[in-house]
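File shown: input01.cif. Contents: mmCIF, C-alpha atoms, pLDDT in the B column; chains and numbers go by the auth columns.
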data_target
loop_
_atom_site.group_PDB
_atom_site.id
_atom_site.type_symbol
_atom_site.label_atom_id
_atom_site.label_comp_id
_atom_site.label_asym_id
_atom_site.label_seq_id
_atom_site.Cartn_x
_atom_site.Cartn_y
_atom_site.Cartn_z
_atom_site.B_iso_or_equiv
_atom_site.auth_seq_id
_atom_site.auth_asym_id
ATOM 1 C CA TYR A 1 90.098 108.052 77.759 84.00 1 A
ATOM 2 C CA GLY A 2 89.049 111.670 77.901 82.00 2 A
ATOM 3 C CA SER A 3 88.594 111.847 81.662 87.00 3 A
ATOM 4 C CA THR A 4 90.809 112.289 84.701 88.00 4 A
ATOM 5 C CA GLU A 5 88.149 110.683 86.898 95.00 5 A
ATOM 6 C CA ILE A 6 88.566 107.054 85.728 96.00 6 A
ATOM 7 C CA ILE A 7 90.550 106.270 88.866 96.00 7 A
ATOM 8 C CA GLU A 8 88.202 106.788 91.791 96.00 8 A
ATOM 9 C CA HIS A 9 90.907 106.400 94.443 95.00 9 A
ATOM 10 C CA VAL A 10 94.058 104.542 95.454 93.00 10 A
ATOM 11 C CA ALA A 11 94.335 102.953 98.898 89.00 11 A
ATOM 12 C CA LEU A 12 96.313 100.123 100.509 86.00 12 A
ATOM 13 C CA ASN A 13 98.176 99.330 97.263 91.00 13 A
ATOM 14 C CA GLN A 14 94.966 99.025 95.304 95.00 14 A
ATOM 15 C CA VAL A 15 93.555 101.126 92.481 97.00 15 A
ATOM 16 C CA TYR A 16 89.777 101.523 92.440 98.00 16 A
ATOM 17 C CA LEU A 17 88.146 102.433 89.139 98.00 17 A
ATOM 18 C CA ASN A 18 85.058 104.593 88.770 97.00 18 A
ATOM 19 C CA LYS A 19 82.685 101.898 87.472 96.00 19 A
ATOM 20 C CA GLU A 20 79.852 104.304 86.680 96.00 20 A
ATOM 21 C CA LEU A 21 82.152 106.442 84.564 96.00 21 A
ATOM 22 C CA LEU A 22 83.474 103.392 82.706 96.00 22 A
ATOM 23 C CA VAL A 23 79.886 102.562 81.729 96.00 23 A
ATOM 24 C CA THR A 24 79.156 106.183 80.771 94.00 24 A
ATOM 25 C CA LEU A 25 82.275 106.296 78.573 94.00 25 A
ATOM 26 C CA ASN A 26 81.484 102.839 77.165 95.00 26 A
ATOM 27 C CA LEU A 27 84.894 101.488 78.271 96.00 27 A
ATOM 28 C CA ASN A 28 85.766 97.858 78.839 97.00 28 A
ATOM 29 C CA ALA A 29 86.825 97.530 82.502 97.00 29 A
ATOM 30 C CA SER A 30 89.257 94.678 81.780 97.00 30 A
ATOM 31 C CA GLU A 31 91.044 96.730 79.131 97.00 31 A
ATOM 32 C CA VAL A 32 91.321 99.749 81.444 97.00 32 A
ATOM 33 C CA GLU A 33 92.625 97.503 84.259 98.00 33 A
ATOM 34 C CA LYS A 34 95.254 96.040 81.933 98.00 34 A
ATOM 35 C CA LEU A 35 96.425 99.444 80.708 97.00 35 A
ATOM 36 C CA ILE A 36 96.785 100.758 84.269 97.00 36 A
ATOM 37 C CA GLN A 37 98.537 97.537 85.343 98.00 37 A
ATOM 38 C CA GLU A 38 101.041 97.938 82.503 98.00 38 A
ATOM 39 C CA TYR A 39 101.714 101.531 83.572 97.00 39 A
ATOM 40 C CA ILE A 40 102.144 100.530 87.231 97.00 40 A
ATOM 41 C CA LEU A 41 104.603 97.780 86.280 97.00 41 A
ATOM 42 C CA LEU A 42 106.775 100.356 84.482 98.00 42 A
ATOM 43 C CA GLN A 43 107.428 102.106 87.797 96.00 43 A
ATOM 44 C CA PRO A 44 110.785 101.140 89.366 94.00 44 A
ATOM 45 C CA GLN A 45 109.368 100.709 92.890 93.00 45 A
ATOM 46 C CA ILE A 46 106.801 98.073 91.865 95.00 46 A
ATOM 47 C CA GLN A 47 107.397 94.334 92.351 93.00 47 A
ATOM 48 C CA THR A 48 104.147 93.027 90.855 94.00 48 A
ATOM 49 C CA ALA A 49 100.624 94.072 89.935 96.00 49 A
ATOM 50 C CA VAL A 50 97.520 92.056 89.139 97.00 50 A
ATOM 51 C CA THR A 51 94.104 93.029 87.873 97.00 51 A
ATOM 52 C CA ARG A 52 90.660 92.118 89.146 98.00 52 A
ATOM 53 C CA THR A 53 90.103 90.206 85.905 97.00 53 A
ATOM 54 C CA GLN A 54 93.261 88.148 86.461 97.00 54 A
ATOM 55 C CA LEU A 55 92.315 87.434 90.080 96.00 55 A
ATOM 56 C CA LEU A 56 88.843 86.270 89.082 96.00 56 A
ATOM 57 C CA ASN A 57 89.925 84.166 86.104 96.00 57 A
ATOM 58 C CA HIS A 58 93.229 82.621 87.165 94.00 58 A
ATOM 59 C CA GLU A 59 94.137 80.494 90.169 92.00 59 A
ATOM 60 C CA PHE A 60 97.586 81.488 91.369 91.00 60 A
ATOM 61 C CA THR A 61 99.439 78.678 93.135 89.00 61 A
ATOM 62 C CA ASP A 62 102.422 80.491 94.625 88.00 62 A
ATOM 63 C CA GLY A 63 104.278 83.754 94.925 86.00 63 A
ATOM 64 C CA LEU A 64 103.120 87.232 95.750 86.00 64 A
ATOM 65 C CA GLU A 65 100.204 86.926 93.341 91.00 65 A
ATOM 66 C CA LEU A 66 98.820 84.067 95.458 88.00 66 A
ATOM 67 C CA LEU A 67 99.035 86.270 98.560 85.00 67 A
ATOM 68 C CA ILE A 68 97.168 89.034 96.741 89.00 68 A
ATOM 69 C CA GLN A 69 94.566 86.541 95.552 90.00 69 A
ATOM 70 C CA ASN A 70 94.108 85.145 99.069 86.00 70 A
ATOM 71 C CA GLY A 71 93.327 88.652 100.312 87.00 71 A
ATOM 72 C CA PHE A 72 91.040 89.533 97.402 92.00 72 A
ATOM 73 C CA HIS A 73 87.348 90.185 98.092 93.00 73 A
ATOM 74 C CA THR A 74 85.091 90.756 95.092 92.00 74 A
ATOM 75 C CA ASP A 75 83.007 93.430 96.840 93.00 75 A
ATOM 76 C CA ARG A 76 85.727 95.347 98.689 94.00 76 A
ATOM 77 C CA SER A 77 89.012 94.955 96.832 96.00 77 A
ATOM 78 C CA GLY A 78 90.314 97.292 94.175 97.00 78 A
ATOM 79 C CA ASP A 79 90.545 96.707 90.443 98.00 79 A
ATOM 80 C CA ILE A 80 94.347 96.618 90.304 98.00 80 A
ATOM 81 C CA ALA A 81 96.439 95.455 93.264 96.00 81 A
ATOM 82 C CA TYR A 82 100.173 96.007 93.420 95.00 82 A
ATOM 83 C CA LEU A 83 103.094 95.296 95.729 91.00 83 A
ATOM 84 C CA LEU A 84 106.112 97.506 96.172 90.00 84 A
ATOM 85 C CA GLU A 85 109.673 96.232 95.961 89.00 85 A
ATOM 86 C CA PRO A 86 110.892 94.866 99.336 82.00 86 A
ATOM 87 C CA SER A 87 113.191 97.855 99.854 76.00 87 A
ATOM 88 C CA VAL A 88 110.387 100.392 99.397 79.00 88 A
ATOM 89 C CA VAL A 89 108.311 101.392 102.407 73.00 89 A
ATOM 90 C CA VAL A 90 105.437 103.856 102.301 72.00 90 A
ATOM 91 C CA TYR A 91 104.095 105.094 105.601 66.00 91 A
ATOM 92 C CA SER A 92 100.630 106.445 106.099 65.00 92 A
ATOM 93 C CA GLU A 93 99.913 109.149 108.639 68.00 93 A
ATOM 94 C CA THR A 94 99.273 106.409 111.198 62.00 94 A
ATOM 95 C CA GLY A 95 102.344 104.279 110.381 57.00 95 A
ATOM 96 C CA SER A 96 102.746 100.912 108.689 56.00 96 A
ATOM 97 C CA ASP A 97 99.665 98.929 107.738 56.00 97 A
ATOM 98 C CA HIS A 98 101.432 95.527 107.643 58.00 98 A
ATOM 99 C CA GLY A 99 99.805 94.809 104.320 59.00 99 A
ATOM 100 C CA SER A 100 102.653 93.514 102.169 61.00 100 A
ATOM 101 C CA GLY A 101 103.411 89.905 101.381 62.00 101 A
ATOM 102 C CA TYR A 102 107.007 90.251 102.519 64.00 102 A
ATOM 103 C CA GLU A 103 108.505 88.524 105.542 68.00 103 A
ATOM 104 C CA HIS A 104 108.738 91.687 107.641 63.00 104 A
ATOM 105 C CA ASP A 105 104.923 91.885 107.464 66.00 105 A
ATOM 106 C CA THR A 106 104.042 88.189 107.477 69.00 106 A
ATOM 107 C CA HIS A 107 106.543 86.571 109.851 73.00 107 A
ATOM 108 C CA VAL A 108 105.109 87.002 113.328 75.00 108 A
ATOM 109 C CA PRO A 109 105.218 84.870 116.466 81.00 109 A
ATOM 110 C CA LEU A 110 102.236 82.672 117.245 85.00 110 A
ATOM 111 C CA LEU A 111 101.711 81.625 120.846 88.00 111 A
ATOM 112 C CA PHE A 112 99.243 79.116 122.281 89.00 112 A
ATOM 113 C CA TYR A 113 98.878 78.557 126.007 88.00 113 A
ATOM 114 C CA GLY A 114 96.426 76.569 128.071 88.00 114 A
ATOM 115 C CA LEU A 115 94.688 73.262 128.559 86.00 115 A
ATOM 116 C CA GLY A 116 95.509 70.750 125.825 86.00 116 A
ATOM 117 C CA ILE A 117 98.573 72.631 124.604 90.00 117 A
ATOM 118 C CA LYS A 118 101.814 70.661 124.572 89.00 118 A
ATOM 119 C CA PRO A 119 104.873 72.664 125.675 89.00 119 A
ATOM 120 C CA GLY A 120 107.365 73.199 122.881 87.00 120 A
ATOM 121 C CA ARG A 121 107.986 75.142 119.735 86.00 121 A
ATOM 122 C CA THR A 122 108.011 74.719 116.017 84.00 122 A
ATOM 123 C CA HIS A 123 109.781 76.583 113.271 83.00 123 A
ATOM 124 C CA ARG A 124 107.520 75.056 110.638 83.00 124 A
ATOM 125 C CA LEU A 125 105.813 77.549 108.376 82.00 125 A
ATOM 126 C CA THR A 126 102.274 78.097 109.570 85.00 126 A
ATOM 127 C CA SER A 127 99.551 80.366 108.321 81.00 127 A
ATOM 128 C CA SER A 128 97.009 82.515 110.102 81.00 128 A
ATOM 129 C CA ALA A 129 94.449 80.220 108.457 84.00 129 A
ATOM 130 C CA ASP A 130 95.900 77.379 110.590 89.00 130 A
ATOM 131 C CA ILE A 131 94.646 79.055 113.767 90.00 131 A
ATOM 132 C CA VAL A 132 90.975 78.284 113.024 91.00 132 A
ATOM 133 C CA SER A 133 91.642 74.606 112.296 91.00 133 A
ATOM 134 C CA THR A 134 93.865 74.268 115.367 91.00 134 A
ATOM 135 C CA ILE A 135 91.345 75.851 117.742 91.00 135 A
ATOM 136 C CA ALA A 136 88.597 73.657 116.291 92.00 136 A
ATOM 137 C CA ALA A 137 90.789 70.583 116.958 91.00 137 A
ATOM 138 C CA LEU A 138 91.448 71.760 120.541 91.00 138 A
ATOM 139 C CA LEU A 139 87.699 72.146 121.087 91.00 139 A
ATOM 140 C CA ALA A 140 87.010 68.784 119.380 91.00 140 A
ATOM 141 C CA ILE A 141 84.616 70.406 116.899 94.00 141 A
ATOM 142 C CA GLU A 142 84.498 70.544 113.121 93.00 142 A
ATOM 143 C CA PRO A 143 86.175 73.622 111.662 90.00 143 A
ATOM 144 C CA PRO A 144 84.000 75.927 109.560 89.00 144 A
ATOM 145 C CA LYS A 145 83.426 74.733 106.000 87.00 145 A
ATOM 146 C CA THR A 146 85.405 77.703 104.703 85.00 146 A
ATOM 147 C CA ALA A 147 88.462 76.978 106.872 85.00 147 A
ATOM 148 C CA SER A 148 91.482 76.425 104.660 86.00 148 A
ATOM 149 C CA GLY A 149 94.192 75.982 107.288 88.00 149 A
ATOM 150 C CA HIS A 150 95.758 72.868 108.771 90.00 150 A
ATOM 151 C CA VAL A 151 95.937 71.780 112.397 91.00 151 A
ATOM 152 C CA ILE A 152 99.269 72.629 114.047 91.00 152 A
ATOM 153 C CA GLY A 153 99.458 69.086 115.327 89.00 153 A
ATOM 154 C CA GLU A 154 102.794 69.247 117.140 88.00 154 A
ATOM 155 C CA MET A 155 101.297 71.570 119.756 86.00 155 A
ATOM 156 C CA ILE A 156 98.237 69.521 120.695 85.00 156 A
ATOM 157 C CA GLU A 157 98.547 66.957 123.526 75.00 157 A
#
Can you dump the structure from the file as structure tokens?
Amino acid sequence: YGSTEIIEHVALNQVYLNKELLVTLNLNASEVEKLIQEYILLQPQIQTAVTRTQLLNHEFTDGLELLIQNGFHTDRSGDIAYLLEPSVVVYSETGSDHGSGYEHDTHVPLLFYGLGIKPGRTHRLTSSADIVSTIAALLAIEPPKTASGHVIGEMIE
């Protein structure tokens, strides 16, 4: 495209494009995203990559793309998001960022203790989104309108 400045920066498995430069060069952002996505997917360490355009125009229902979409924020996320293969680990200067969609980053213990909590355990898949709905149920209040989780019913007395 005649410039080495099209990519503004890369952070947390996301590529951020220089939007002002795209306008100056009269480039279509979706086309640039797609070209960079195709290049990223050619790399052997990459599991998947999705563009901002895909995230905004398609509703993923499962898989790693759904996890990327669930973490996507229109104002703060990059223009291309990618995930490394499960066997590839990249450490920052401060260590792991726990940002992948793989089990070693997403499978963590969840512990509730206190009044109204039934002793026991569950091995049922739960989500961090379930915490909000469960706490709302414990407090006997309506969860926020944006809450997408489900009550972990087996733990409530």
Give the answer as one residue: which of A:Asn28, A:Gln37, A:Ser133, A:Gln43 has the shortest atom-to-atom distance to A:Tyr1, using only C-alpha atoms?
->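 Checking each candidate against A:Tyr1, we get A:Asn28 as the closest.
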Test item: the PyMOL selection byres ((chain A and resi 4-15) around 9) resolved as a VMD selection string = chain A and resid 1 to 3 16 to 19 21 to 22 32 36 77 to 84 97 99 to 100
Within-12 Å shell of (81.8, 88.7, 94.7) in input frame, all atoms listed in the file, as JSON, numbers by chain = {"A": [52, 55, 56, 72, 73, 74, 75, 76, 77]}
Would you work out the distance separating atom CA of A:Thr48 from atom CA of A:His107, expressed in Å to one decimal?
-> 20.2 Å
Write out as a short mmCIF file (atom, residue, chain, number, x, y, z; two decimals) with C-alpha atoms, keeping the file's coordinate frame the residues lying within 8 Å of A:Ile152, counting only C-alpha atoms and excluding same-chain residues fewer than 6 positions away.
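That gives us selection.cif:
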data_model
loop_
_atom_site.label_atom_id
_atom_site.label_comp_id
_atom_site.auth_asym_id
_atom_site.auth_seq_id
_atom_site.Cartn_x
_atom_site.Cartn_y
_atom_site.Cartn_z
CA THR A 126 102.27 78.10 109.57
CA ASP A 130 95.90 77.38 110.59
CA ILE A 131 94.65 79.06 113.77
CA THR A 134 93.86 74.27 115.37
#
Would you mind completing stretch 47-58 of chain A so that it carries all heavy atoms, and writing it out as a short mmCIF file (atom, residue, chain, number, x, y, z; two decimals), keeping the file's coordinate frame?
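This is the output file rebuild-v6.cif:
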data_model
loop_
_atom_site.label_atom_id
_atom_site.label_comp_id
_atom_site.auth_asym_id
_atom_site.auth_seq_id
_atom_site.Cartn_x
_atom_site.Cartn_y
_atom_site.Cartn_z
N GLN A 47 106.99 95.74 92.49
CA GLN A 47 107.40 94.33 92.35
C GLN A 47 106.45 93.59 91.42
O GLN A 47 106.86 92.87 90.53
CB GLN A 47 107.40 93.67 93.73
CG GLN A 47 107.60 92.17 93.73
CD GLN A 47 109.05 91.78 93.75
OE1 GLN A 47 109.90 92.59 94.04
NE2 GLN A 47 109.32 90.55 93.45
N THR A 48 105.14 93.73 91.66
CA THR A 48 104.15 93.03 90.86
C THR A 48 102.83 93.78 90.92
O THR A 48 102.60 94.57 91.83
CB THR A 48 103.98 91.57 91.32
OG1 THR A 48 103.20 90.85 90.34
CG2 THR A 48 103.30 91.46 92.67
N ALA A 49 101.97 93.51 89.96
CA ALA A 49 100.62 94.07 89.94
C ALA A 49 99.71 93.08 89.24
O ALA A 49 100.11 92.44 88.26
CB ALA A 49 100.61 95.41 89.20
N VAL A 50 98.51 92.95 89.75
CA VAL A 50 97.52 92.06 89.14
C VAL A 50 96.18 92.77 89.07
O VAL A 50 95.87 93.61 89.90
CB VAL A 50 97.37 90.72 89.90
CG1 VAL A 50 98.59 89.85 89.76
CG2 VAL A 50 97.05 90.94 91.35
N THR A 51 95.40 92.40 88.07
CA THR A 51 94.10 93.03 87.87
C THR A 51 92.99 92.18 88.48
O THR A 51 93.16 90.98 88.73
CB THR A 51 93.81 93.21 86.37
OG1 THR A 51 93.65 91.92 85.78
CG2 THR A 51 94.90 93.98 85.67
N ARG A 52 91.86 92.82 88.67
CA ARG A 52 90.66 92.12 89.15
C ARG A 52 90.33 90.97 88.20
O ARG A 52 90.03 89.86 88.64
CB ARG A 52 89.49 93.11 89.22
CG ARG A 52 88.13 92.47 89.46
CD ARG A 52 87.05 93.52 89.54
NE ARG A 52 87.19 94.29 90.76
CZ ARG A 52 86.70 93.93 91.94
NH1 ARG A 52 86.02 92.81 92.06
NH2 ARG A 52 86.88 94.68 93.00
N THR A 53 90.41 91.24 86.90
CA THR A 53 90.10 90.21 85.90
C THR A 53 91.03 89.01 86.06
O THR A 53 90.58 87.86 86.03
CB THR A 53 90.21 90.80 84.48
OG1 THR A 53 89.28 91.89 84.38
CG2 THR A 53 89.89 89.76 83.43
N GLN A 54 92.32 89.26 86.26
CA GLN A 54 93.26 88.15 86.46
C GLN A 54 92.94 87.38 87.74
O GLN A 54 93.00 86.15 87.75
CB GLN A 54 94.69 88.69 86.53
CG GLN A 54 95.20 89.19 85.20
CD GLN A 54 96.51 89.94 85.33
OE1 GLN A 54 96.76 90.64 86.30
NE2 GLN A 54 97.37 89.77 84.33
N LEU A 55 92.61 88.09 88.80
CA LEU A 55 92.32 87.43 90.08
C LEU A 55 91.05 86.58 90.00
O LEU A 55 90.95 85.55 90.65
CB LEU A 55 92.20 88.47 91.19
CG LEU A 55 93.50 89.18 91.54
CD1 LEU A 55 93.24 90.38 92.44
CD2 LEU A 55 94.49 88.22 92.20
N LEU A 56 90.10 87.01 89.21
CA LEU A 56 88.84 86.27 89.08
C LEU A 56 88.94 85.10 88.10
O LEU A 56 88.19 84.14 88.22
CB LEU A 56 87.72 87.21 88.63
CG LEU A 56 87.28 88.25 89.65
CD1 LEU A 56 86.28 89.23 89.02
CD2 LEU A 56 86.67 87.60 90.88
N ASN A 57 89.88 85.17 87.17
CA ASN A 57 89.92 84.17 86.10
C ASN A 57 91.14 83.25 86.12
O ASN A 57 91.28 82.41 85.25
CB ASN A 57 89.85 84.86 84.74
CG ASN A 57 88.53 85.56 84.55
OD1 ASN A 57 87.47 84.98 84.77
ND2 ASN A 57 88.57 86.83 84.17
N HIS A 58 92.02 83.44 87.10
CA HIS A 58 93.23 82.62 87.16
C HIS A 58 93.45 82.20 88.61
O HIS A 58 93.28 83.01 89.51
CB HIS A 58 94.44 83.42 86.66
CG HIS A 58 95.72 82.66 86.70
ND1 HIS A 58 96.05 81.73 85.74
CD2 HIS A 58 96.74 82.67 87.58
CE1 HIS A 58 97.22 81.21 86.03
NE2 HIS A 58 97.67 81.75 87.15
#
